[in-house]
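Enquirer: My structure is in model-v7.cif, and what it holds is mmCIF, C-alpha atoms and all ligand atoms:
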```cif
data_data
#
loop_
_atom_site.label_atom_id
_atom_site.label_comp_id
_atom_site.auth_asym_id
_atom_site.auth_seq_id
_atom_site.Cartn_x
_atom_site.Cartn_y
_atom_site.Cartn_z
CA MET A 247 211.89 175.76 228.55
CA ALA A 248 210.83 174.68 225.07
CA ALA A 249 208.45 175.49 222.22
CA SER A 250 206.26 172.52 223.16
CA ALA A 251 205.66 170.15 226.05
CA LEU A 252 203.79 166.86 226.43
CA ALA A 253 202.24 165.06 229.40
CA LEU A 254 201.03 161.43 229.12
CA PHE A 255 198.44 160.33 231.66
CA ASP A 256 198.35 157.16 233.78
CA PHE A 257 194.93 155.65 234.54
CA ASP A 258 193.59 153.42 237.32
CA ALA A 259 191.53 150.25 236.76
CA ALA A 260 188.35 152.32 236.53
CA GLY A 261 189.87 154.44 233.76
CA ALA A 262 190.35 157.62 235.81
CA ALA A 263 193.61 159.53 235.37
CA THR A 264 195.75 159.24 238.50
CA GLY A 265 198.78 161.22 237.36
CA TYR A 266 200.95 162.02 234.37
CA ARG A 267 204.53 161.99 233.12
CA LEU A 268 206.21 164.75 231.14
CA VAL A 269 207.85 163.21 228.07
CA ASP A 270 209.83 164.51 225.11
CA PRO A 271 207.20 165.94 222.72
CA THR A 272 209.40 165.29 219.70
CA LEU A 273 209.42 161.50 220.24
CA PRO A 274 206.64 159.07 219.19
CA ALA A 275 204.13 158.56 222.01
CA LEU A 276 201.16 156.58 220.61
CA THR A 277 200.84 153.03 219.28
CA VAL A 278 199.37 152.34 215.84
CA THR A 279 196.35 150.55 217.33
CA GLU A 280 195.44 153.61 219.38
CA LEU A 281 191.70 154.29 218.89
CA ALA A 282 192.30 158.05 218.74
CA ALA A 283 194.31 157.39 215.58
CA THR A 284 192.36 154.52 214.04
CA ARG A 285 188.75 155.56 214.81
CA GLY A 286 188.85 159.12 216.09
CA ASP A 287 187.15 157.65 219.17
CA GLY A 288 187.83 160.25 221.81
CA VAL A 289 187.28 163.79 223.00
CA PHE A 290 189.42 166.87 223.39
CA GLU A 291 189.69 170.43 224.64
CA THR A 292 191.97 173.16 223.33
CA VAL A 293 192.71 175.83 225.93
CA GLY A 294 194.15 179.15 224.75
CA LEU A 295 197.20 180.59 226.54
CA HIS A 296 197.78 184.28 227.07
CA GLU A 297 201.32 185.14 228.24
CA GLY A 298 201.74 181.46 229.11
CA ARG A 299 198.63 181.18 231.28
CA PRO A 300 195.40 179.31 230.49
CA ILE A 301 192.30 181.33 229.58
CA LYS A 302 188.98 180.24 231.22
CA ALA A 303 190.29 176.78 232.14
CA ALA A 304 187.31 175.89 234.34
CA ARG A 305 184.85 176.20 231.47
CA HIS A 306 186.97 173.82 229.38
CA PHE A 307 186.98 171.20 232.13
CA GLU A 308 183.21 171.48 232.49
CA ARG A 309 182.73 170.82 228.77
CA PHE A 310 185.41 168.09 228.80
CA ALA A 311 183.36 166.24 231.43
CA THR A 312 180.20 166.62 229.30
CA SER A 313 181.97 165.22 226.21
CA ILE A 314 183.43 162.33 228.24
CA GLY A 315 179.92 161.46 229.48
CA MET A 316 178.39 161.65 225.99
CA LEU A 317 180.98 159.16 224.65
CA ASP A 318 180.56 156.80 227.64
CA LEU A 319 184.23 157.25 228.57
CA PRO A 320 185.23 156.81 232.24
CA PRO A 321 184.64 159.89 234.43
CA GLN A 322 187.78 161.88 235.28
CA ASP A 323 189.13 163.79 238.26
CA THR A 324 189.72 166.99 236.33
CA SER A 325 192.21 168.28 238.94
CA VAL A 326 194.73 165.77 237.52
CA TRP A 327 194.14 167.14 234.01
CA ASP A 328 194.27 170.71 235.30
CA ALA A 329 197.68 170.06 236.90
CA ALA A 330 199.00 168.75 233.56
CA LEU A 331 197.51 171.71 231.70
CA ARG A 332 199.34 174.11 233.99
CA GLU A 333 202.62 172.19 234.12
CA THR A 334 202.90 171.81 230.34
CA ALA A 335 201.96 175.49 229.83
CA ALA A 336 204.59 176.53 232.39
CA ALA A 337 207.24 174.47 230.55
CA LEU A 338 206.92 176.61 227.41
CA ASP A 339 209.24 179.39 226.30
CA PRO A 340 207.76 182.78 227.23
CA ALA A 341 205.41 183.81 224.38
CA PRO A 342 202.33 186.01 224.02
CA GLU A 343 200.24 183.17 222.57
CA GLY A 344 199.97 179.41 222.79
CA TRP A 345 197.54 176.61 223.47
CA VAL A 346 197.23 173.29 225.24
CA LYS A 347 195.31 170.44 223.62
CA MET A 348 194.07 167.77 226.00
CA VAL A 349 192.90 164.51 224.44
CA MET A 350 191.27 161.47 225.98
CA SER A 351 190.53 158.42 223.85
CA ARG A 352 189.09 154.96 224.44
CA GLY A 353 192.66 153.66 224.40
CA ILE A 354 194.36 150.91 222.48
CA GLU A 355 192.18 148.53 220.43
CA GLY A 356 191.40 145.48 222.61
CA GLY A 357 192.84 147.14 225.71
CA ASP A 358 191.12 148.15 228.92
CA SER A 359 192.51 151.62 229.62
CA PRO A 360 191.91 155.03 228.07
CA THR A 361 194.75 157.03 226.56
CA GLY A 362 195.22 160.65 227.52
CA TRP A 363 197.67 163.41 226.86
CA ALA A 364 198.12 167.17 227.15
CA TYR A 365 200.22 168.83 224.48
CA ALA A 366 201.25 172.46 224.96
CA THR A 367 202.83 174.68 222.34
CA VAL A 368 203.59 178.32 221.69
CA SER A 369 201.74 179.54 218.60
CA ALA A 370 201.82 182.10 215.85
CA SER A 371 200.19 185.46 216.51
CA THR A 372 196.44 185.68 215.93
CA VAL A 373 196.43 189.50 216.06
CA SER A 374 196.15 189.99 212.28
CA VAL A 375 193.01 187.88 211.86
CA ARG A 376 191.28 189.93 214.56
CA GLU A 377 192.38 193.15 212.85
CA GLU A 378 191.71 192.15 209.25
CA GLY A 379 188.69 189.90 209.67
CA LEU A 380 187.51 186.77 207.91
CA ARG A 381 185.82 186.13 204.57
CA VAL A 382 183.36 183.31 205.25
CA VAL A 383 181.18 181.10 203.07
CA LEU A 384 177.97 179.38 204.10
CA LEU A 385 178.19 175.59 203.65
CA ASP A 386 175.36 173.09 204.14
CA ARG A 387 176.24 170.68 206.99
CA GLY A 388 173.66 168.25 205.58
CA TYR A 389 171.38 167.70 208.56
CA ARG A 390 168.24 169.30 209.98
CA HIS A 391 168.15 171.67 212.95
CA ASP A 392 166.66 168.93 215.19
CA ILE A 393 169.45 166.36 214.71
CA ALA A 394 170.47 166.45 218.39
CA GLN A 395 166.96 165.35 219.37
CA THR A 396 166.31 162.82 216.57
CA SER A 397 169.77 161.20 216.49
CA PRO A 398 171.74 161.56 219.75
CA TRP A 399 174.13 158.78 218.67
CA LEU A 400 175.61 161.26 216.17
CA LEU A 401 177.14 162.96 219.25
CA GLN A 402 176.25 166.50 218.21
CA GLY A 403 177.46 168.78 220.98
CA ALA A 404 180.32 166.51 222.11
CA LYS A 405 183.83 167.77 221.32
CA THR A 406 185.05 164.60 219.64
CA ILE A 407 188.41 164.33 217.90
CA SER A 408 186.71 163.31 214.60
CA TYR A 409 187.34 166.53 212.68
CA ALA A 410 187.92 165.29 209.11
CA ILE A 411 184.69 166.99 207.96
CA ASN A 412 185.63 170.24 209.68
CA ARG A 413 189.01 170.20 207.91
CA ALA A 414 187.38 169.40 204.55
CA ALA A 415 185.10 172.41 205.01
CA TYR A 416 188.16 174.65 205.38
CA ARG A 417 189.55 173.27 202.11
CA GLU A 418 186.21 174.00 200.42
CA ALA A 419 186.33 177.56 201.80
CA ALA A 420 189.83 178.00 200.31
CA ARG A 421 188.55 176.74 196.93
CA ARG A 422 185.89 179.47 197.14
CA ASP A 423 188.54 182.09 197.99
CA ALA A 424 187.37 182.41 201.59
CA ASP A 425 189.06 182.01 204.98
CA ASP A 426 186.40 180.28 207.03
CA VAL A 427 182.97 178.68 207.07
CA VAL A 428 179.58 179.08 208.70
CA PHE A 429 177.75 175.75 208.51
CA THR A 430 174.00 175.76 207.87
CA THR A 431 171.36 173.10 208.48
CA SER A 432 169.68 171.43 205.51
CA ASP A 433 166.49 173.30 206.52
CA GLY A 434 168.11 176.69 206.41
CA TYR A 435 169.43 177.68 209.85
CA LEU A 436 172.89 178.95 210.72
CA LEU A 437 175.01 176.63 212.89
CA GLU A 438 178.67 177.39 213.77
CA GLY A 439 182.10 177.49 212.20
CA PRO A 440 184.16 174.27 211.89
CA THR A 441 186.09 175.32 215.03
CA SER A 442 184.18 178.38 216.27
CA THR A 443 180.85 179.82 217.43
CA LEU A 444 178.90 182.44 215.47
CA VAL A 445 177.98 185.67 217.28
CA LEU A 446 175.97 188.49 215.66
CA ARG A 447 175.44 192.05 216.87
CA THR A 448 172.39 194.13 216.00
CA GLY A 449 172.45 197.41 217.93
CA MET A 450 172.96 196.50 221.59
CA THR A 451 171.80 192.90 221.08
CA LEU A 452 174.10 189.89 220.64
CA ARG A 453 172.65 186.77 219.05
CA THR A 454 174.09 183.28 218.74
CA THR A 455 172.88 179.83 217.68
CA ARG A 456 170.89 177.83 220.21
CA THR A 457 172.92 174.83 221.36
CA ASP A 458 169.94 172.51 220.85
CA LEU A 459 170.59 172.86 217.10
CA GLY A 460 173.42 170.34 217.51
CA ILE A 461 176.36 172.71 217.81
CA LEU A 462 179.16 172.67 220.35
CA ALA A 463 178.50 174.95 223.34
CA GLY A 464 181.36 177.46 222.95
CA THR A 465 183.33 178.52 226.02
CA THR A 466 184.44 181.76 224.34
CA GLN A 467 180.88 182.71 223.39
CA ALA A 468 179.70 181.93 226.94
CA GLU A 469 182.34 184.24 228.44
CA LEU A 470 181.62 187.01 225.94
CA TYR A 471 177.90 186.76 226.72
CA GLU A 472 178.57 187.18 230.45
CA TRP A 473 180.76 190.21 229.75
CA ALA A 474 178.19 191.67 227.32
CA ALA A 475 175.29 191.24 229.75
CA ARG A 476 177.30 193.16 232.38
CA ASN A 477 177.95 195.89 229.82
CA GLY A 478 174.41 196.68 228.76
CA TYR A 479 173.89 194.21 225.91
CA THR A 480 170.91 191.91 225.51
CA THR A 481 172.15 188.36 224.81
CA LEU A 482 169.99 185.88 222.91
CA TYR A 483 170.17 182.21 221.82
CA GLU A 484 168.13 181.79 218.64
CA ARG A 485 167.41 179.91 215.47
CA LEU A 486 169.33 182.23 213.18
CA THR A 487 169.06 182.34 209.40
CA PRO A 488 171.39 183.61 206.65
CA ALA A 489 169.09 186.67 206.46
CA ASP A 490 169.91 187.42 210.12
CA LEU A 491 173.63 187.28 209.33
CA ALA A 492 173.18 189.54 206.31
CA ALA A 493 171.14 192.05 208.36
CA ALA A 494 173.43 192.07 211.44
CA ASP A 495 175.51 195.19 212.10
CA ALA A 496 178.55 192.98 212.79
CA ALA A 497 179.42 189.30 213.19
CA TRP A 498 182.25 187.20 214.63
CA LEU A 499 183.49 183.64 214.73
CA VAL A 500 184.69 183.19 218.29
CA SER A 501 186.97 180.46 219.67
CA SER A 502 189.60 179.80 222.31
CA VAL A 503 192.83 180.48 220.37
CA ARG A 504 191.80 183.03 217.73
CA LEU A 505 189.38 184.69 220.21
CA ALA A 506 186.76 186.95 218.50
CA ALA A 507 187.56 187.08 214.78
CA PRO A 508 185.30 189.55 212.95
CA ILE A 509 183.58 188.46 209.73
CA ARG A 510 184.30 190.92 206.92
CA ALA A 511 182.52 189.18 204.04
CA VAL A 512 179.83 186.51 203.65
CA ASP A 513 179.74 184.63 200.32
CA GLY A 514 181.65 187.52 198.76
CA ILE A 515 179.36 190.26 200.12
CA PRO A 516 181.28 192.73 202.35
CA LYS A 517 180.23 193.12 205.98
CA PRO A 518 181.25 195.98 208.28
CA VAL A 519 183.76 195.08 211.01
CA ASP A 520 183.20 196.34 214.56
CA ALA A 521 186.82 196.96 215.56
CA ALA A 522 185.95 198.62 218.89
CA LEU A 523 183.84 195.73 220.18
CA THR A 524 186.40 193.23 218.85
CA ALA A 525 189.06 194.99 220.94
CA SER A 526 186.82 194.91 224.04
CA PHE A 527 186.18 191.18 223.49
CA THR A 528 189.93 190.53 223.24
CA ALA A 529 190.71 192.55 226.36
CA HIS A 530 188.05 190.69 228.33
CA LEU A 531 189.25 187.25 227.20
CA HIS A 532 192.86 188.16 227.99
CA SER A 533 191.74 189.10 231.51
CA LEU A 534 190.43 185.58 232.14
CA THR A 535 193.74 183.85 232.84
CA ASP A 536 194.31 182.30 236.25
N1 LIG A 601 182.42 174.89 217.61
C1 LIG A 601 183.30 173.93 217.25
C2 LIG A 601 182.86 172.84 216.33
C3 LIG A 601 184.61 173.95 217.76
O1 LIG A 601 185.48 172.99 217.39
C4 LIG A 601 185.00 175.00 218.61
C5 LIG A 601 186.37 175.07 219.16
O2 LIG A 601 187.25 174.36 218.74
C6 LIG A 601 184.07 175.98 218.95
C7 LIG A 601 182.77 175.89 218.44
C8 LIG A 601 184.43 177.13 219.84
O3 LIG A 601 184.58 176.68 221.16
P1 LIG A 601 185.51 177.43 222.20
O4 LIG A 601 185.06 178.85 222.23
O5 LIG A 601 185.22 176.74 223.48
O6 LIG A 601 186.91 177.29 221.73
#
```
Please re-express this file's structure in structure tokens.
Ligand code: PLP

Expert:
Amino acid sequence: MAASALALFDFDAAGAATGYRLVDPTLPALTVTELAATRGDGVFETVGLHEGRPIKAARHFERFATSIGMLDLPPQDTSVWDAALRETAAALDPAPEGWVKMVMSRGIEGGDSPTGWAYATVSASTVSVREEGLRVVLLDRGYRHDIAQTSPWLLQGAKTISYAINRAAYREAARRDADDVVFTTSDGYLLEGPTSTLVLRTGMTLRTTRTDLGILAGTTQAELYEWAARNGYTTLYERLTPADLAAADAAWLVSSVRLAAPIRAVDGIPKPVDAALTASFTAHLHSLTD
């Protein structure tokens, strides 16, 4: 047992993972000409762990396959990846929270094989962010709402490992004395957080951004929508505006590790937190381990 674990994948001539080896996660594992490192040319999934077990793993593998297809990477037998996900998670010290990040890149520059790994780690508690909530700022992402249709080569909707912009947005939020970000389009629609999906509640209606606006289809949001529909809520995918966020009774940024984090202020304006529904969201997501 350890605080982290690492599996490195082996690939066949067609670029499909055939198996993996568990290696020491504290030792170097990538070469300096690795395209994940030099170009950010790859895709990933981060799966949350609850009591050491993966939450909604199947949804992650579905999206992983979509991202792999969008980047023209070789198709994968996800059962090999799933075995590594579970074995690395099982190698961790017992802990309430953790995550496994699975990465697949185009491989080493000039080579003919992808690179892939699954890195599991125990993590710090996310309870306080769900209890205290987030102060968010709206930041212009700099493109129109129809970018996915006009410019598919920009890979909107693929979960690529190129996250420098997402990290820069967090630094800008900190400069503005906020904790997180909701990106907007240049023509005035709400998008998503740098690593999360926006969900609004107005009465018994939940609203989120339509995925054809060039956002990532969130696995957490999808699960919460299924739960909400079973529990009497109307669930909508819309073109949302900052006015919709301001008018909503409550709002969350939802994602696989932090789960449903309530928004308590938008650009410095306080927003009520729905603690009861946040708790129901958490309980549902925790029930999704297998
Ligand atoms: N949007 C972006 C850009 C993300 O990076 C993430 C997760 O990292 C999400 C949304 C939320 O997705 P999920 O709920 O599947 O974690």

Enquirer: Can you pull out every residue within 6 Å of Ile354 (chain A), counting all atoms listed in the file, but drop anything in the same chain fewer than 2 positions away, and send it as number ranges by chain?

Expert: A: 279-281, 357

Enquirer: Have a look at CA of Leu452 (chain A) and CA of Glu472 (chain A) and let me know their distance in Å, one decimal.

Expert: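 Answer for the CA of Leu452 (chain A) to CA of Glu472 (chain A) separation: 11.1 Å.
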
Enquirer: Point out the residue among A:Asn477, A:Asn412, A:Thr443, A:Ser351 with the least atom-to-atom distance to Leu523 (chain A), counting only C-alpha atoms.

Expert: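 Among A:Asn477, A:Asn412, A:Thr443, A:Ser351, it is A:Asn477 that comes nearest to Leu523 (chain A).
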
Enquirer: Write out as an NGL selection string the residues lying within 8 Å of region 334-344 of chain A, counting all atoms listed in the file and excluding same-chain residues fewer than 4 positions away.

Expert: :A and (247-253 or 268 or 294-300 or 330 or 364-371 or 503)

Enquirer: Could you tell me, counting only C-alpha atoms and all ligand atoms, which protein and nucleic acid residues lie no more than 9 Å from ligand LIG 601 (chain A), written as a PyMOL selection string?

Expert: chain A and resi 291-294+305-306+309+403-406+409+412+437-444+461-469+499-505

Enquirer: Rounded to one decimal place, report the CA of Gly362 (chain A)-CA of Phe255 (chain A) distance in Å.

Expert: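 Between CA of Gly362 (chain A) and CA of Phe255 (chain A) the gap works out to 5.3 Å.
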
Enquirer: Got a sec: who's within 12 Å of Gly434 (chain A), counting all atoms listed in the file, leaving out chain neighbours fewer than 6 positions off, as a PyMOL selection string?

Expert: chain A and resi 384-392+428+459+485-490

Enquirer: Do you know which residues are at most 10 Å from region 420-423 of chain A counting all atoms listed in the file, after dropping those on the same chain fewer than 4 positions away, and could you put them as a list in words?

Expert: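 Using all atoms listed in the file, the neighbours found are Arg381, Val382, Val383, Ala414, Ala415, Tyr416, Val427, Asp513 and Gly514 of chain A.
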
Enquirer: To one decimal in Å, tell me the separation between CA of Thr372 (chain A) and CA of Ala521 (chain A).

Expert: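 Answer for the CA of Thr372 (chain A) to CA of Ala521 (chain A) separation: 14.8 Å.
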
Enquirer: Restricting the calculation to only C-alpha atoms: of A:Thr361, A:Leu436, A:Lys302, A:Glu378, which residue gets closest to Ala275 (chain A)?

Expert: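 With only C-alpha atoms as the atom set, the closest residue is A:Thr361.
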
Enquirer: Please write as an MDAnalysis selection string the list of polymer residues whose atoms come within 12 Å of (172.4, 193.7, 205.3), counting only C-alpha atoms and keeping to the coordinates of the file.

Expert: chainID A and resid 448 488:497 511:512 515:518

Enquirer: Compare A:Leu401, A:Ala475, A:Val445, A:Val346 by their minimum atom-to-atom distance to Gly460 (chain A), counting only C-alpha atoms, and give me the closest one.

Expert: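 With only C-alpha atoms as the atom set, the closest residue is A:Leu401.
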
Enquirer: Pick out the closest residue to Thr481 (chain A) from this set: A:Ser313, A:Gln402, A:Met450, A:Ala283. Count all atoms listed in the file.

Expert: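 Nearest candidate to Thr481 (chain A) out of A:Ser313, A:Gln402, A:Met450, A:Ala283: A:Met450.
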
Enquirer: Go ahead and find all residues with at least one atom no further than 6 Å from (189.5, 155.7, 231.3) in the file's coordinates, using all atoms listed in the file; report them as number ranges by chain.

Expert: A: 261-262, 320, 359-360

Enquirer: Selecting C-alpha atoms, how would region 292-410 of chain A from this structure be written as an mmCIF file, in the first residue's frame?

Expert:
```cif
data_model
loop_
_atom_site.group_PDB
_atom_site.id
_atom_site.type_symbol
_atom_site.label_atom_id
_atom_site.label_comp_id
_atom_site.auth_asym_id
_atom_site.auth_seq_id
_atom_site.Cartn_x
_atom_site.Cartn_y
_atom_site.Cartn_z
ATOM 1 C CA THR A 292 -9.524 11.820 -14.159
ATOM 2 C CA VAL A 293 -11.710 9.379 -12.235
ATOM 3 C CA GLY A 294 -12.676 10.250 -8.660
ATOM 4 C CA LEU A 295 -12.248 7.608 -5.936
ATOM 5 C CA HIS A 296 -14.585 7.231 -2.988
ATOM 6 C CA GLU A 297 -13.247 4.944 -0.236
ATOM 7 C CA GLY A 298 -10.714 3.657 -2.770
ATOM 8 C CA ARG A 299 -13.243 2.747 -5.457
ATOM 9 C CA PRO A 300 -13.808 4.478 -8.816
ATOM 10 C CA ILE A 301 -16.927 6.622 -9.246
ATOM 11 C CA LYS A 302 -18.865 6.209 -12.557
ATOM 12 C CA ALA A 303 -15.922 4.577 -14.355
ATOM 13 C CA ALA A 304 -17.957 3.530 -17.406
ATOM 14 C CA ARG A 305 -18.860 7.117 -18.274
ATOM 15 C CA HIS A 306 -15.167 8.073 -18.177
ATOM 16 C CA PHE A 307 -14.237 5.292 -20.584
ATOM 17 C CA GLU A 308 -17.000 6.342 -22.961
ATOM 18 C CA ARG A 309 -15.674 9.914 -23.041
ATOM 19 C CA PHE A 310 -12.057 8.669 -23.235
ATOM 20 C CA ALA A 311 -12.966 6.812 -26.436
ATOM 21 C CA THR A 312 -14.599 9.962 -27.863
ATOM 22 C CA SER A 313 -11.503 12.071 -27.095
ATOM 23 C CA ILE A 314 -9.212 9.396 -28.599
ATOM 24 C CA GLY A 315 -11.294 9.437 -31.793
ATOM 25 C CA MET A 316 -11.306 13.248 -32.015
ATOM 26 C CA LEU A 317 -7.475 13.333 -31.828
ATOM 27 C CA ASP A 318 -7.084 10.502 -34.382
ATOM 28 C CA LEU A 319 -5.302 8.350 -31.784
ATOM 29 C CA PRO A 320 -5.519 4.544 -32.134
ATOM 30 C CA PRO A 321 -8.720 3.002 -30.723
ATOM 31 C CA GLN A 322 -8.319 1.252 -27.366
ATOM 32 C CA ASP A 323 -9.703 -1.828 -25.661
ATOM 33 C CA THR A 324 -10.902 0.027 -22.589
ATOM 34 C CA SER A 325 -11.002 -3.182 -20.506
ATOM 35 C CA VAL A 326 -7.178 -2.998 -20.359
ATOM 36 C CA TRP A 327 -7.387 0.591 -19.095
ATOM 37 C CA ASP A 328 -10.167 -0.333 -16.682
ATOM 38 C CA ALA A 329 -8.005 -3.108 -15.186
ATOM 39 C CA ALA A 330 -5.177 -0.605 -14.606
ATOM 40 C CA LEU A 331 -7.592 1.926 -13.113
ATOM 41 C CA ARG A 332 -8.782 -0.650 -10.601
ATOM 42 C CA GLU A 333 -5.371 -2.127 -9.821
ATOM 43 C CA THR A 334 -3.714 1.247 -9.188
ATOM 44 C CA ALA A 335 -6.696 2.381 -7.061
ATOM 45 C CA ALA A 336 -6.515 -0.851 -5.049
ATOM 46 C CA ALA A 337 -2.784 -0.288 -4.415
ATOM 47 C CA LEU A 338 -3.462 2.938 -2.490
ATOM 48 C CA ASP A 339 -3.505 3.369 1.276
ATOM 49 C CA PRO A 340 -7.098 3.346 2.552
ATOM 50 C CA ALA A 341 -8.428 6.928 2.271
ATOM 51 C CA PRO A 342 -11.835 8.571 1.872
ATOM 52 C CA GLU A 343 -10.779 10.427 -1.288
ATOM 53 C CA GLY A 344 -8.434 9.980 -4.221
ATOM 54 C CA TRP A 345 -8.310 9.986 -7.993
ATOM 55 C CA VAL A 346 -6.793 8.157 -10.923
ATOM 56 C CA LYS A 347 -5.573 10.111 -13.947
ATOM 57 C CA MET A 348 -5.305 8.105 -17.154
ATOM 58 C CA VAL A 349 -3.326 9.691 -19.983
ATOM 59 C CA MET A 350 -2.790 8.581 -23.559
ATOM 60 C CA SER A 351 -0.487 10.560 -25.842
ATOM 61 C CA ARG A 352 0.767 10.229 -29.409
ATOM 62 C CA GLY A 353 3.998 8.852 -27.953
ATOM 63 C CA ILE A 354 7.615 9.780 -28.435
ATOM 64 C CA GLU A 355 8.481 12.260 -31.214
ATOM 65 C CA GLY A 356 9.371 10.254 -34.343
ATOM 66 C CA GLY A 357 8.181 6.997 -32.774
ATOM 67 C CA ASP A 358 5.339 4.729 -33.809
ATOM 68 C CA SER A 359 3.634 3.881 -30.519
ATOM 69 C CA PRO A 360 1.396 5.840 -28.166
ATOM 70 C CA THR A 361 2.354 6.396 -24.548
ATOM 71 C CA GLY A 362 -0.138 5.652 -21.807
ATOM 72 C CA TRP A 363 -0.234 5.620 -18.062
ATOM 73 C CA ALA A 364 -2.618 5.521 -15.108
ATOM 74 C CA TYR A 365 -1.537 7.387 -11.998
ATOM 75 C CA ALA A 366 -3.519 6.892 -8.789
ATOM 76 C CA THR A 367 -3.178 8.952 -5.640
ATOM 77 C CA VAL A 368 -4.973 9.600 -2.383
ATOM 78 C CA SER A 369 -6.034 13.238 -2.146
ATOM 79 C CA ALA A 370 -6.866 15.995 0.280
ATOM 80 C CA SER A 371 -10.450 16.265 1.488
ATOM 81 C CA THR A 372 -12.858 18.186 -0.752
ATOM 82 C CA VAL A 373 -15.530 18.406 1.972
ATOM 83 C CA SER A 374 -14.852 22.060 2.863
ATOM 84 C CA VAL A 375 -15.305 23.393 -0.672
ATOM 85 C CA ARG A 376 -18.708 21.698 -0.866
ATOM 86 C CA GLU A 377 -19.658 23.174 2.514
ATOM 87 C CA GLU A 378 -18.257 26.671 2.035
ATOM 88 C CA GLY A 379 -18.811 27.164 -1.678
ATOM 89 C CA LEU A 380 -16.862 28.948 -4.382
ATOM 90 C CA ARG A 381 -16.459 32.607 -5.335
ATOM 91 C CA VAL A 382 -16.339 32.620 -9.131
ATOM 92 C CA VAL A 383 -15.539 35.233 -11.759
ATOM 93 C CA LEU A 384 -16.778 35.288 -15.342
ATOM 94 C CA LEU A 385 -13.889 35.286 -17.837
ATOM 95 C CA ASP A 386 -14.165 35.637 -21.617
ATOM 96 C CA ARG A 387 -12.845 32.462 -23.309
ATOM 97 C CA GLY A 388 -12.404 34.486 -26.509
ATOM 98 C CA TYR A 389 -14.467 32.498 -28.995
ATOM 99 C CA ARG A 390 -18.062 32.459 -30.211
ATOM 100 C CA HIS A 391 -20.700 29.941 -29.130
ATOM 101 C CA ASP A 392 -20.510 28.165 -32.525
ATOM 102 C CA ILE A 393 -16.763 27.369 -32.427
ATOM 103 C CA ALA A 394 -17.338 23.589 -32.388
ATOM 104 C CA GLN A 395 -19.187 23.850 -35.705
ATOM 105 C CA THR A 396 -16.971 26.468 -37.420
ATOM 106 C CA SER A 397 -13.573 25.140 -36.272
ATOM 107 C CA PRO A 398 -13.586 21.438 -35.323
ATOM 108 C CA TRP A 399 -9.765 21.332 -35.523
ATOM 109 C CA LEU A 400 -9.713 23.335 -32.273
ATOM 110 C CA LEU A 401 -10.869 20.074 -30.614
ATOM 111 C CA GLN A 402 -13.550 21.670 -28.458
ATOM 112 C CA GLY A 403 -15.217 18.862 -26.539
ATOM 113 C CA ALA A 404 -12.155 16.580 -26.484
ATOM 114 C CA LYS A 405 -10.484 16.158 -23.086
ATOM 115 C CA THR A 406 -6.969 16.999 -24.236
ATOM 116 C CA ILE A 407 -4.041 17.367 -21.857
ATOM 117 C CA SER A 408 -3.384 20.951 -23.098
ATOM 118 C CA TYR A 409 -4.575 22.790 -19.985
ATOM 119 C CA ALA A 410 -2.205 25.792 -19.813
#
```
